[in-house]
file structure_18.cif (mmCIF, C-alpha atoms and all ligand atoms)
data_protein
loop_
_atom_site.label_atom_id
_atom_site.label_comp_id
_atom_site.auth_asym_id
_atom_site.auth_seq_id
_atom_site.Cartn_x
_atom_site.Cartn_y
_atom_site.Cartn_z
CA MET A 146 0.00 0.00 0.00
CA THR A 147 1.42 3.38 -0.94
CA ASP A 148 0.13 6.85 -0.19
CA LYS A 149 -0.49 7.57 -3.89
CA LYS A 150 -4.05 8.86 -3.57
CA GLU A 151 -3.18 11.40 -0.86
CA TYR A 152 0.03 12.28 -2.71
CA ALA A 153 -1.86 13.01 -5.95
CA LYS A 154 -4.42 15.09 -4.02
CA ALA A 155 -1.73 17.17 -2.31
CA ILE A 156 -0.07 17.89 -5.67
CA SER A 157 -3.29 18.83 -7.44
CA CYS A 158 -4.10 21.29 -4.62
CA MET A 159 -0.92 23.27 -5.40
CA PRO A 160 -1.50 25.78 -8.24
CA GLY A 161 0.59 25.12 -11.35
CA CYS A 162 1.43 21.53 -10.32
CA GLU A 163 0.42 18.44 -12.32
CA PHE A 164 0.53 14.82 -11.21
CA HIS A 165 1.08 11.69 -13.32
CA ASP A 166 0.70 8.06 -12.28
CA VAL A 167 3.44 7.04 -14.72
CA ILE A 168 5.59 9.22 -16.95
CA ASP A 169 8.77 8.72 -18.97
CA SER A 170 10.54 11.58 -17.19
CA THR A 171 9.25 14.63 -15.33
CA ASN A 172 12.05 16.65 -16.95
CA ILE A 173 10.87 15.72 -20.46
CA ARG A 174 7.30 16.79 -19.64
CA ALA A 175 8.43 20.00 -17.88
CA LYS A 176 10.55 20.97 -20.89
CA GLU A 177 7.50 20.51 -23.17
CA LEU A 178 5.47 22.72 -20.84
CA ALA A 179 8.24 25.33 -20.67
CA ARG A 180 8.52 25.49 -24.45
CA ALA A 181 4.75 25.98 -24.59
CA GLY A 182 5.07 28.98 -22.27
CA ALA A 183 4.45 27.57 -18.76
CA VAL A 184 4.96 30.14 -16.02
CA GLU A 185 7.80 30.10 -13.50
CA TYR A 186 7.42 27.57 -10.65
CA SER A 187 5.13 25.27 -12.67
CA CYS A 188 5.80 21.69 -11.53
CA VAL A 189 5.43 18.14 -12.81
CA PHE A 190 5.20 15.28 -10.30
CA ALA A 191 4.96 11.53 -10.96
CA ASP A 192 4.45 8.40 -8.88
CA GLU A 193 6.78 6.49 -11.23
CA GLN A 194 9.25 7.36 -14.00
CA THR A 195 10.14 4.86 -16.73
CA LYS A 196 13.08 6.89 -18.04
CA GLY A 197 14.34 8.81 -15.02
CA ARG A 198 17.78 10.27 -15.73
CA GLY A 199 20.66 11.72 -13.76
CA ARG A 200 23.62 13.78 -14.93
CA MET A 201 25.53 12.67 -18.01
CA ASP A 202 22.49 10.64 -19.12
CA ARG A 203 22.82 8.17 -16.24
CA HIS A 204 19.77 6.18 -15.18
CA TRP A 205 17.78 7.36 -12.14
CA SER A 206 15.88 4.50 -10.51
CA SER A 207 12.28 5.73 -9.99
CA ASP A 208 10.12 2.84 -8.82
CA ALA A 209 6.38 3.33 -8.37
CA GLY A 210 5.31 4.63 -4.99
CA ARG A 211 8.79 4.82 -3.48
CA GLY A 212 9.93 8.36 -4.09
CA ILE A 213 9.32 11.93 -5.08
CA TYR A 214 10.06 12.47 -8.75
CA MET A 215 9.44 16.05 -9.73
CA THR A 216 10.60 18.92 -11.92
CA MET A 217 10.12 22.65 -11.38
CA ILE A 218 10.37 25.22 -14.19
CA ILE A 219 12.39 28.37 -13.51
CA ARG A 220 12.46 31.39 -15.80
CA PRO A 221 15.31 33.70 -14.78
CA GLU A 222 15.45 37.08 -16.57
CA ASP A 223 18.47 38.27 -18.59
CA THR A 224 20.57 35.39 -17.29
CA PRO A 225 23.41 33.77 -19.25
CA ALA A 226 23.63 29.95 -19.44
CA SER A 227 26.83 30.04 -17.35
CA HIS A 228 24.66 31.06 -14.35
CA SER A 229 22.56 27.86 -14.38
CA PRO A 230 24.60 25.72 -11.88
CA ILE A 231 23.47 27.91 -8.97
CA TYR A 232 19.90 26.70 -9.54
CA SER A 233 20.95 23.06 -9.12
CA MET A 234 22.82 23.89 -5.94
CA GLY A 235 19.86 25.91 -4.72
CA ALA A 236 17.64 22.88 -5.34
CA ALA A 237 19.93 20.74 -3.17
CA LEU A 238 19.66 23.38 -0.43
CA ALA A 239 15.85 23.42 -0.68
CA VAL A 240 15.77 19.61 -0.41
CA CYS A 241 17.94 19.84 2.72
CA ASP A 242 15.67 22.52 4.21
CA THR A 243 12.66 20.27 3.65
CA LEU A 244 14.31 17.19 5.12
CA THR A 245 15.35 19.25 8.14
CA GLU A 246 11.71 20.26 8.65
CA PHE A 247 10.99 16.53 9.02
CA GLY A 248 13.64 16.08 11.70
CA LEU A 249 16.37 14.67 9.41
CA SER A 250 20.03 15.75 9.13
CA PRO A 251 20.93 15.83 5.43
CA SER A 252 24.17 16.98 3.85
CA ILE A 253 25.31 17.94 0.35
CA LYS A 254 28.01 16.18 -1.63
CA TRP A 255 29.28 18.66 -4.21
CA PRO A 256 27.88 19.52 -6.61
CA ASN A 257 24.29 18.58 -5.81
CA ASP A 258 23.74 15.13 -4.33
CA VAL A 259 21.83 15.14 -1.06
CA LEU A 260 22.99 12.52 1.44
CA LEU A 261 21.56 11.03 4.62
CA ASP A 262 24.03 9.19 6.82
CA GLY A 263 26.65 9.45 4.02
CA LYS A 264 24.43 7.67 1.49
CA LYS A 265 22.72 9.09 -1.57
CA LEU A 266 19.10 10.02 -0.94
CA CYS A 267 18.50 12.50 -3.73
CA GLY A 268 19.83 13.36 -7.17
CA ILE A 269 19.24 16.53 -9.19
CA LEU A 270 19.28 17.08 -12.94
CA SER A 271 18.84 20.61 -14.30
CA GLU A 272 18.38 21.20 -18.01
CA ALA A 273 18.31 24.69 -19.52
CA GLY A 274 16.63 25.91 -22.70
CA LEU A 275 18.26 28.99 -24.25
CA ASP A 276 16.79 31.79 -26.35
CA ALA A 277 18.23 33.04 -29.65
CA CYS A 278 20.63 35.37 -27.77
CA GLY A 279 22.06 32.55 -25.63
CA LEU A 280 20.22 33.70 -22.50
CA ILE A 281 18.26 31.24 -20.35
CA ASP A 282 14.66 30.83 -21.54
CA TYR A 283 13.88 28.24 -18.86
CA ILE A 284 15.55 25.74 -16.55
CA ALA A 285 13.85 22.44 -15.77
CA VAL A 286 15.14 21.48 -12.32
CA GLY A 287 14.51 17.76 -11.81
CA ILE A 288 14.67 16.18 -8.35
CA GLY A 289 14.46 12.53 -7.29
CA ILE A 290 14.18 11.72 -3.58
CA ASN A 291 14.05 8.14 -2.24
CA VAL A 292 11.33 8.11 0.40
CA SER A 293 10.67 4.43 1.09
CA GLY A 294 12.30 1.15 0.15
CA MET A 295 14.98 -0.64 2.12
CA ARG A 296 17.23 -1.88 -0.68
CA PHE A 297 18.31 -0.48 -4.03
CA GLU A 298 19.39 -3.11 -6.53
CA GLY A 299 22.90 -2.46 -7.83
CA LEU A 300 23.16 0.82 -5.89
CA PRO A 301 25.14 0.12 -2.69
CA TRP A 302 25.41 3.86 -1.93
CA ALA A 303 21.70 4.62 -2.20
CA CYS A 304 19.36 5.08 0.75
CA SER A 305 15.81 6.19 1.47
CA ILE A 306 14.33 8.13 4.37
CA GLU A 307 12.85 4.84 5.58
CA SER A 308 16.08 2.81 5.25
CA VAL A 309 18.04 5.39 7.25
CA THR A 310 15.53 6.09 10.00
CA GLY A 311 14.11 2.55 10.22
CA LYS A 312 10.69 4.17 10.60
CA LYS A 313 7.72 4.82 8.34
CA ALA A 314 8.58 7.87 6.23
CA PRO A 315 6.49 11.06 6.28
CA ALA A 316 3.70 11.19 3.67
CA ARG A 317 4.95 12.11 0.22
CA GLY A 318 2.27 14.79 -0.11
CA ASP A 319 3.58 16.56 3.00
CA ILE A 320 7.18 16.36 1.77
CA ALA A 321 6.15 17.66 -1.68
CA VAL A 322 4.27 20.68 -0.27
CA SER A 323 7.29 21.64 1.85
CA LEU A 324 9.65 21.10 -1.08
CA VAL A 325 7.71 23.36 -3.44
CA LYS A 326 7.66 26.07 -0.75
CA ASN A 327 11.43 25.82 -0.14
CA LEU A 328 12.30 25.67 -3.85
CA LYS A 329 10.30 28.87 -4.47
CA LYS A 330 12.05 30.56 -1.55
CA VAL A 331 15.58 29.60 -2.68
CA PHE A 332 14.98 30.31 -6.39
CA GLY A 333 13.39 33.64 -5.44
CA MET A 334 16.57 34.59 -3.57
CA ILE A 335 18.74 33.61 -6.55
CA ASN A 336 16.51 35.59 -8.94
CA ASN A 337 16.92 38.58 -6.57
CA ASN A 338 20.72 38.42 -6.86
CA ASP A 339 21.23 36.79 -3.48
CA SER A 340 23.31 33.92 -4.90
CA ARG A 341 26.29 34.39 -2.54
CA ARG A 342 23.97 33.90 0.45
CA ILE A 343 22.72 30.66 -1.16
CA LEU A 344 26.30 29.48 -1.73
CA ASP A 345 27.15 30.20 1.91
CA LEU A 346 24.14 28.17 3.07
CA VAL A 347 25.12 25.36 0.67
CA SER A 348 28.70 25.48 2.04
CA GLN A 349 27.38 25.00 5.58
CA ARG A 350 25.61 21.84 4.41
CA MET A 351 28.51 20.45 2.39
CA VAL A 352 30.27 17.31 3.65
CA THR A 353 32.94 17.87 1.05
CA LEU A 354 34.69 20.98 2.44
CA GLY A 355 37.94 20.43 4.33
CA LYS A 356 37.85 16.70 3.53
CA PRO A 357 40.10 14.51 1.37
CA ILE A 358 38.35 13.89 -1.94
CA GLN A 359 38.95 12.14 -5.19
CA ALA A 360 37.63 13.84 -8.33
CA GLU A 361 37.05 11.78 -11.43
CA ARG A 362 37.37 13.79 -14.62
CA ASP A 363 37.37 12.08 -18.06
CA GLY A 364 38.54 8.82 -16.47
CA ASP A 365 41.41 10.49 -14.57
CA ALA A 366 41.41 10.66 -10.78
CA VAL A 367 42.73 13.74 -8.93
CA ARG A 368 43.19 13.51 -5.15
CA GLY A 369 43.39 16.35 -2.68
CA ILE A 370 41.49 18.43 -0.13
CA ALA A 371 38.30 20.35 -0.97
CA LEU A 372 38.82 23.98 0.04
CA LYS A 373 35.99 26.28 -0.98
CA LEU A 374 32.85 26.76 -3.04
CA LEU A 375 33.57 29.55 -5.56
CA ASP A 376 31.06 32.09 -6.91
CA ASP A 377 30.64 30.19 -10.19
CA CYS A 378 29.74 27.01 -8.18
CA SER A 379 33.07 25.34 -8.95
CA LEU A 380 34.91 23.59 -6.11
CA LEU A 381 38.41 24.78 -5.26
CA MET A 382 40.68 21.92 -4.23
CA LYS A 383 44.33 21.59 -3.26
CA THR A 384 45.76 18.52 -4.94
CA ASP A 385 48.14 16.11 -3.19
CA GLU A 386 50.85 17.70 -5.37
CA GLY A 387 50.11 21.07 -3.70
CA LYS A 388 48.44 22.72 -6.69
CA GLU A 389 45.14 24.61 -6.36
CA THR A 390 42.61 23.70 -9.03
CA ALA A 391 38.93 24.52 -9.52
CA LEU A 392 36.67 21.58 -10.38
CA THR A 393 34.13 22.91 -12.82
CA TYR A 394 30.49 22.12 -12.18
CA GLY A 395 29.40 19.60 -14.80
CA GLU A 396 31.69 16.80 -15.81
CA VAL A 397 33.23 15.87 -12.47
CA SER A 398 32.13 13.23 -9.95
CA VAL A 399 33.51 13.56 -6.42
CA ARG A 400 34.07 10.71 -3.99
CA GLY A 401 35.59 10.31 -0.54
CA ILE A 402 38.97 8.61 -0.47
CA MET A 403 37.54 5.57 1.33
CA GLY A 404 34.11 5.41 -0.30
CA TYR A 405 31.16 7.26 -1.78
CA SER A 406 31.01 10.16 0.64
CA PRO A 407 33.84 12.25 2.12
CA GLU A 408 32.01 12.16 5.51
P1 LIG A 501 27.39 10.55 -8.14
O1 LIG A 501 28.44 11.31 -7.42
O2 LIG A 501 26.47 9.79 -7.26
O3 LIG A 501 27.96 9.73 -9.30
P2 LIG A 501 26.15 12.26 -10.09
O4 LIG A 501 25.69 13.66 -9.82
O5 LIG A 501 27.27 12.11 -11.04
O6 LIG A 501 26.46 11.63 -8.69
P3 LIG A 501 23.39 11.76 -10.56
O7 LIG A 501 23.06 12.41 -11.82
O8 LIG A 501 23.00 12.49 -9.32
O9 LIG A 501 24.93 11.38 -10.56
O10 LIG A 501 22.68 10.33 -10.46
C1 LIG A 501 22.97 9.26 -11.31
C2 LIG A 501 23.60 8.15 -10.51
O11 LIG A 501 22.93 7.91 -9.28
C3 LIG A 501 23.51 6.82 -11.25
O12 LIG A 501 24.66 6.63 -12.03
C4 LIG A 501 23.39 5.76 -10.13
O13 LIG A 501 24.67 5.37 -9.71
C5 LIG A 501 22.80 6.52 -8.98
N1 LIG A 501 21.34 6.27 -8.80
C6 LIG A 501 20.40 5.94 -9.71
N2 LIG A 501 19.19 5.85 -9.16
C7 LIG A 501 19.35 6.14 -7.84
C8 LIG A 501 18.47 6.24 -6.74
N3 LIG A 501 17.15 6.05 -6.84
N4 LIG A 501 19.01 6.55 -5.54
C9 LIG A 501 20.32 6.77 -5.39
N5 LIG A 501 21.21 6.70 -6.38
C10 LIG A 501 20.73 6.40 -7.61
#
call {"tool": "encode", "arguments": {"input": "structure_18.cif", "output": "structure tokens", "more": "lines below"}}
Ligand code: ATP
result
Amino acid sequence: MTDKKEYAKAISCMPGCEFHDVIDSTNIRAKELARAGAVEYSCVFADEQTKGRGRMDRHWSSDAGRGIYMTMIIRPEDTPASHSPIYSMGAALAVCDTLTEFGLSPSIKWPNDVLLDGKKLCGILSEAGLDACGLIDYIAVGIGINVSGMRFEGLPWACSIESVTGKKAPARGDIAVSLVKNLKKVFGMINNNDSRRILDLVSQRMVTLGKPIQAERDGDAVRGIALKLLDDCSLLMKTDEGKETALTYGEVSVRGIMGYSPE
């Protein structure tokens, strides 16, 4: 038994939010809506995704009834594409704020994975559409949060709220309502040029800072200490060879030296 009926009801009571029993991907649907002119903060939710994706076209496991799979459309004004990573980081912050409201203690693994107990609870995939001048027309910010389920086939680093707490998870409808509220708050701050404040709040949540990390870039591994989150959302690290280098948001995956998380 899942809480699907209540979940669907909670979503349909939020203006601008649509709910699907099954969808290929909430990002695909949100991008269609955005291209058709959907207003900022419109959302797509689904009980199940058949083609959920993560960064670099990786699969995102989205079983029926077990998680929150949603995408919110953002429409920043006069914003170049290079500014889009802050929206993904802001989404991670909003997810953390929501989880905190439910008594949990999440953290962020740069750039935008949300962890509980050092395991991956949530992934984020943002996709931007640009106008003819190269400015952002829309960003579809996709979020997948594992709510229930004790085991994740082939994903030893994955967890759910239920698997970490050992208790029945809060209702998905309640989590979704809080998430939409926090996403609007964070994205509103970014749209009002308060990005540095967002980055400071993200930094406070990051497990990565001050820790030994291993960055995998194009098959090469670079080891060192994570130092600081820079204004363009890149991560400054000091390599074991003593060189400072900024890991650009995008093509890099970060791990702890001993495992998935630097915690
Ligand atoms: P990572 O550092 O975990 O590789 P990433 O940002 O490069 O993060 P994402 O886009 O967040 O990757 O997510 C894709 C990856 O997440 C997949 O390659 C898979 O390993 C893992 N994954 C897929 N489904 C889930 C899930 N439901 N829960 C946790 N992890 C998942």
call {"tool": "atom_distance", "arguments": {"input": "structure_18.cif", "atom1": "CA of Asn291 in chain A", "atom2": "CA of Gly212 in chain A"}}
result
4.5 Å
call {"tool": "axis_aligned_box", "arguments": {"input": "structure_18.cif", "around": "range 205-209 of chain A", "padding_each_side": "4 Å", "output": "lines of an AutoDock Vina configuration file"}}
result
center_x = 12.1
center_y = 5.1
center_z = -10.3
size_x = 19.4
size_y = 12.5
size_z = 11.8
call {"tool": "residues_around", "arguments": {"input": "structure_18.cif", "residues": "range 256-260 of chain A", "least_positions_apart": "3", "cutoff": "8 Å", "atoms": "all atoms listed in the file", "output": "NGL selection string"}}
result
:A and (233-234 or 236-237 or 240-241 or 251-253 or 263-269 or 378 or 394)
call {"tool": "closest_atom_pairs", "arguments": {"input": "structure_18.cif", "of": "chain A", "to": "ligand LIG 501 (chain A)", "cutoff": "9 Å", "atoms": "all atoms listed in the file", "output": "JSON lines"}}
result
{"residue": "A:Gly197", "atom": "CA", "partner": "A:LIG501", "partner_atom": "N2", "distance": 8.2}
{"residue": "A:Arg198", "atom": "CA", "partner": "A:LIG501", "partner_atom": "C1", "distance": 6.9}
{"residue": "A:Gly199", "atom": "CA", "partner": "A:LIG501", "partner_atom": "O7", "distance": 3.2}
{"residue": "A:Arg200", "atom": "CA", "partner": "A:LIG501", "partner_atom": "O7", "distance": 3.4}
{"residue": "A:Met201", "atom": "CA", "partner": "A:LIG501", "partner_atom": "O7", "distance": 6.7}
{"residue": "A:Asp202", "atom": "CA", "partner": "A:LIG501", "partner_atom": "O7", "distance": 7.5}
{"residue": "A:Arg203", "atom": "CA", "partner": "A:LIG501", "partner_atom": "O12", "distance": 4.8}
{"residue": "A:His204", "atom": "CA", "partner": "A:LIG501", "partner_atom": "C3", "distance": 5.5}
{"residue": "A:Trp205", "atom": "CA", "partner": "A:LIG501", "partner_atom": "N2", "distance": 3.6}
{"residue": "A:Ser206", "atom": "CA", "partner": "A:LIG501", "partner_atom": "N2", "distance": 3.8}
{"residue": "A:Ser207", "atom": "CA", "partner": "A:LIG501", "partner_atom": "N3", "distance": 5.8}
{"residue": "A:Asp208", "atom": "CA", "partner": "A:LIG501", "partner_atom": "N3", "distance": 8.0}
{"residue": "A:Gly212", "atom": "CA", "partner": "A:LIG501", "partner_atom": "N3", "distance": 8.1}
{"residue": "A:Lys254", "atom": "CA", "partner": "A:LIG501", "partner_atom": "O1", "distance": 7.6}
{"residue": "A:Trp255", "atom": "CA", "partner": "A:LIG501", "partner_atom": "O1", "distance": 8.1}
{"residue": "A:Pro256", "atom": "CA", "partner": "A:LIG501", "partner_atom": "O4", "distance": 7.0}
{"residue": "A:Asn257", "atom": "CA", "partner": "A:LIG501", "partner_atom": "O4", "distance": 6.5}
{"residue": "A:Asp258", "atom": "CA", "partner": "A:LIG501", "partner_atom": "O8", "distance": 5.7}
{"residue": "A:Val259", "atom": "CA", "partner": "A:LIG501", "partner_atom": "O8", "distance": 8.8}
{"residue": "A:Lys264", "atom": "CA", "partner": "A:LIG501", "partner_atom": "C9", "distance": 8.1}
{"residue": "A:Lys265", "atom": "CA", "partner": "A:LIG501", "partner_atom": "C9", "distance": 5.1}
{"residue": "A:Leu266", "atom": "CA", "partner": "A:LIG501", "partner_atom": "C9", "distance": 5.6}
{"residue": "A:Cys267", "atom": "CA", "partner": "A:LIG501", "partner_atom": "C9", "distance": 6.2}
{"residue": "A:Gly268", "atom": "CA", "partner": "A:LIG501", "partner_atom": "O8", "distance": 3.9}
{"residue": "A:Ile269", "atom": "CA", "partner": "A:LIG501", "partner_atom": "O8", "distance": 5.5}
{"residue": "A:Leu270", "atom": "CA", "partner": "A:LIG501", "partner_atom": "O7", "distance": 6.1}
{"residue": "A:Gly289", "atom": "CA", "partner": "A:LIG501", "partner_atom": "N3", "distance": 7.0}
{"residue": "A:Ile290", "atom": "CA", "partner": "A:LIG501", "partner_atom": "N3", "distance": 7.2}
{"residue": "A:Asn291", "atom": "CA", "partner": "A:LIG501", "partner_atom": "N3", "distance": 5.9}
{"residue": "A:Phe297", "atom": "CA", "partner": "A:LIG501", "partner_atom": "N3", "distance": 7.2}
{"residue": "A:Gly299", "atom": "CA", "partner": "A:LIG501", "partner_atom": "O13", "distance": 8.2}
{"residue": "A:Leu300", "atom": "CA", "partner": "A:LIG501", "partner_atom": "O13", "distance": 6.1}
{"residue": "A:Pro301", "atom": "CA", "partner": "A:LIG501", "partner_atom": "N5", "distance": 8.5}
{"residue": "A:Trp302", "atom": "CA", "partner": "A:LIG501", "partner_atom": "N5", "distance": 6.7}
{"residue": "A:Ala303", "atom": "CA", "partner": "A:LIG501", "partner_atom": "C9", "distance": 4.1}
{"residue": "A:Cys304", "atom": "CA", "partner": "A:LIG501", "partner_atom": "C9", "distance": 6.4}
{"residue": "A:Ser305", "atom": "CA", "partner": "A:LIG501", "partner_atom": "N4", "distance": 7.7}
{"residue": "A:Gly395", "atom": "CA", "partner": "A:LIG501", "partner_atom": "O4", "distance": 8.6}
{"residue": "A:Glu396", "atom": "CA", "partner": "A:LIG501", "partner_atom": "O5", "distance": 8.0}
{"residue": "A:Val397", "atom": "CA", "partner": "A:LIG501", "partner_atom": "O5", "distance": 7.2}
{"residue": "A:Ser398", "atom": "CA", "partner": "A:LIG501", "partner_atom": "O1", "distance": 4.9}
{"residue": "A:Val399", "atom": "CA", "partner": "A:LIG501", "partner_atom": "O1", "distance": 5.6}
{"residue": "A:Arg400", "atom": "CA", "partner": "A:LIG501", "partner_atom": "O1", "distance": 6.6}
{"residue": "A:Tyr405", "atom": "CA", "partner": "A:LIG501", "partner_atom": "O1", "distance": 7.5}
{"residue": "A:Ser406", "atom": "CA", "partner": "A:LIG501", "partner_atom": "O1", "distance": 8.5}
call {"tool": "write_last_selection", "arguments": {"input": "structure_18.cif", "atoms": "C-alpha atoms", "output": "PDB file, in the coordinates of the input"}}
result
ATOM      1  CA  GLY A 197      14.340   8.810 -15.020  1.00  0.00           C
ATOM      2  CA  ARG A 198      17.780  10.270 -15.730  1.00  0.00           C
ATOM      3  CA  GLY A 199      20.660  11.720 -13.760  1.00  0.00           C
ATOM      4  CA  ARG A 200      23.620  13.780 -14.930  1.00  0.00           C
ATOM      5  CA  MET A 201      25.530  12.670 -18.010  1.00  0.00           C
ATOM      6  CA  ASP A 202      22.490  10.640 -19.120  1.00  0.00           C
ATOM      7  CA  ARG A 203      22.820   8.170 -16.240  1.00  0.00           C
ATOM      8  CA  HIS A 204      19.770   6.180 -15.180  1.00  0.00           C
ATOM      9  CA  TRP A 205      17.780   7.360 -12.140  1.00  0.00           C
ATOM     10  CA  SER A 206      15.880   4.500 -10.510  1.00  0.00           C
ATOM     11  CA  SER A 207      12.280   5.730  -9.990  1.00  0.00           C
ATOM     12  CA  ASP A 208      10.120   2.840  -8.820  1.00  0.00           C
ATOM     13  CA  GLY A 212       9.930   8.360  -4.090  1.00  0.00           C
ATOM     14  CA  LYS A 254      28.010  16.180  -1.630  1.00  0.00           C
ATOM     15  CA  TRP A 255      29.280  18.660  -4.210  1.00  0.00           C
ATOM     16  CA  PRO A 256      27.880  19.520  -6.610  1.00  0.00           C
ATOM     17  CA  ASN A 257      24.290  18.580  -5.810  1.00  0.00           C
ATOM     18  CA  ASP A 258      23.740  15.130  -4.330  1.00  0.00           C
ATOM     19  CA  VAL A 259      21.830  15.140  -1.060  1.00  0.00           C
ATOM     20  CA  LYS A 264      24.430   7.670   1.490  1.00  0.00           C
ATOM     21  CA  LYS A 265      22.720   9.090  -1.570  1.00  0.00           C
ATOM     22  CA  LEU A 266      19.100  10.020  -0.940  1.00  0.00           C
ATOM     23  CA  CYS A 267      18.500  12.500  -3.730  1.00  0.00           C
ATOM     24  CA  GLY A 268      19.830  13.360  -7.170  1.00  0.00           C
ATOM     25  CA  ILE A 269      19.240  16.530  -9.190  1.00  0.00           C
ATOM     26  CA  LEU A 270      19.280  17.080 -12.940  1.00  0.00           C
ATOM     27  CA  GLY A 289      14.460  12.530  -7.290  1.00  0.00           C
ATOM     28  CA  ILE A 290      14.180  11.720  -3.580  1.00  0.00           C
ATOM     29  CA  ASN A 291      14.050   8.140  -2.240  1.00  0.00           C
ATOM     30  CA  PHE A 297      18.310  -0.480  -4.030  1.00  0.00           C
ATOM     31  CA  GLY A 299      22.900  -2.460  -7.830  1.00  0.00           C
ATOM     32  CA  LEU A 300      23.160   0.820  -5.890  1.00  0.00           C
ATOM     33  CA  PRO A 301      25.140   0.120  -2.690  1.00  0.00           C
ATOM     34  CA  TRP A 302      25.410   3.860  -1.930  1.00  0.00           C
ATOM     35  CA  ALA A 303      21.700   4.620  -2.200  1.00  0.00           C
ATOM     36  CA  CYS A 304      19.360   5.080   0.750  1.00  0.00           C
ATOM     37  CA  SER A 305      15.810   6.190   1.470  1.00  0.00           C
ATOM     38  CA  GLY A 395      29.400  19.600 -14.800  1.00  0.00           C
ATOM     39  CA  GLU A 396      31.690  16.800 -15.810  1.00  0.00           C
ATOM     40  CA  VAL A 397      33.230  15.870 -12.470  1.00  0.00           C
ATOM     41  CA  SER A 398      32.130  13.230  -9.950  1.00  0.00           C
ATOM     42  CA  VAL A 399      33.510  13.560  -6.420  1.00  0.00           C
ATOM     43  CA  ARG A 400      34.070  10.710  -3.990  1.00  0.00           C
ATOM     44  CA  TYR A 405      31.160   7.260  -1.780  1.00  0.00           C
ATOM     45  CA  SER A 406      31.010  10.160   0.640  1.00  0.00           C
TER      46      SER A 406
END
call {"tool": "atom_distance", "arguments": {"input": "structure_18.cif", "atom1": "CA of Ile218 in chain A", "atom2": "CA of Tyr152 in chain A"}}
result
20.2 Å
call {"tool": "residues_around", "arguments": {"input": "structure_18.cif", "residues": "Ser229 in chain A", "least_positions_apart": "6", "cutoff": "9 Å", "atoms": "all atoms listed in the file", "output": "PyMOL selection string"}}
result
chain A and resi 271-273+281+284
call {"tool": "residues_around", "arguments": {"input": "structure_18.cif", "residues": "Gly294 in chain A", "least_positions_apart": "5", "cutoff": "8 Å", "atoms": "all atoms listed in the file", "output": "short mmCIF file (atom, residue, chain, number, x, y, z; two decimals) with C-alpha atoms, in the coordinates of the input"}}
result
data_model
loop_
_atom_site.label_atom_id
_atom_site.label_comp_id
_atom_site.auth_asym_id
_atom_site.auth_seq_id
_atom_site.Cartn_x
_atom_site.Cartn_y
_atom_site.Cartn_z
CA ARG A 211 8.79 4.82 -3.48
CA SER A 305 15.81 6.19 1.47
CA GLU A 307 12.85 4.84 5.58
CA SER A 308 16.08 2.81 5.25
#
call {"tool": "atom_distance", "arguments": {"input": "structure_18.cif", "atom1": "CA of Ala183 in chain A", "atom2": "CA of Ile288 in chain A"}}
result
18.5 Å
call {"tool": "closest_residue", "arguments": {"input": "structure_18.cif", "among": "A:Ser227, A:Ser170, A:Thr195, A:Ser293", "to": "Ser379 in chain A", "atoms": "only C-alpha atoms"}}
result
A:Ser227
call {"tool": "residues_around", "arguments": {"input": "structure_18.cif", "residues": "range 342-347 of chain A", "least_positions_apart": "2", "cutoff": "8 Å", "atoms": "all atoms listed in the file", "output": "MDAnalysis selection string"}}
result
chainID A and resid 231 234:235 237:238 253 331 334:335 339:340 349:351 374 376 378
call {"tool": "residues_around", "arguments": {"input": "structure_18.cif", "residues": "Tyr283 in chain A", "least_positions_apart": "5", "cutoff": "8 Å", "atoms": "all atoms listed in the file", "output": "list in words"}}
result
Ala179, Ile218, Ile219, Arg220, Pro221, Ala273, Gly274 and Leu275 of chain A
call {"tool": "closest_residue", "arguments": {"input": "structure_18.cif", "among": "A:Asp169, A:Ala175, A:Gly287, A:Phe190", "to": "Gly318 in chain A", "atoms": "only C-alpha atoms"}}
result
A:Phe190
call {"tool": "closest_residue", "arguments": {"input": "structure_18.cif", "among": "A:Arg180, A:Lys154, A:Arg362, A:Lys388", "to": "Asp276 in chain A", "atoms": "all atoms listed in the file"}}
result
A:Arg180
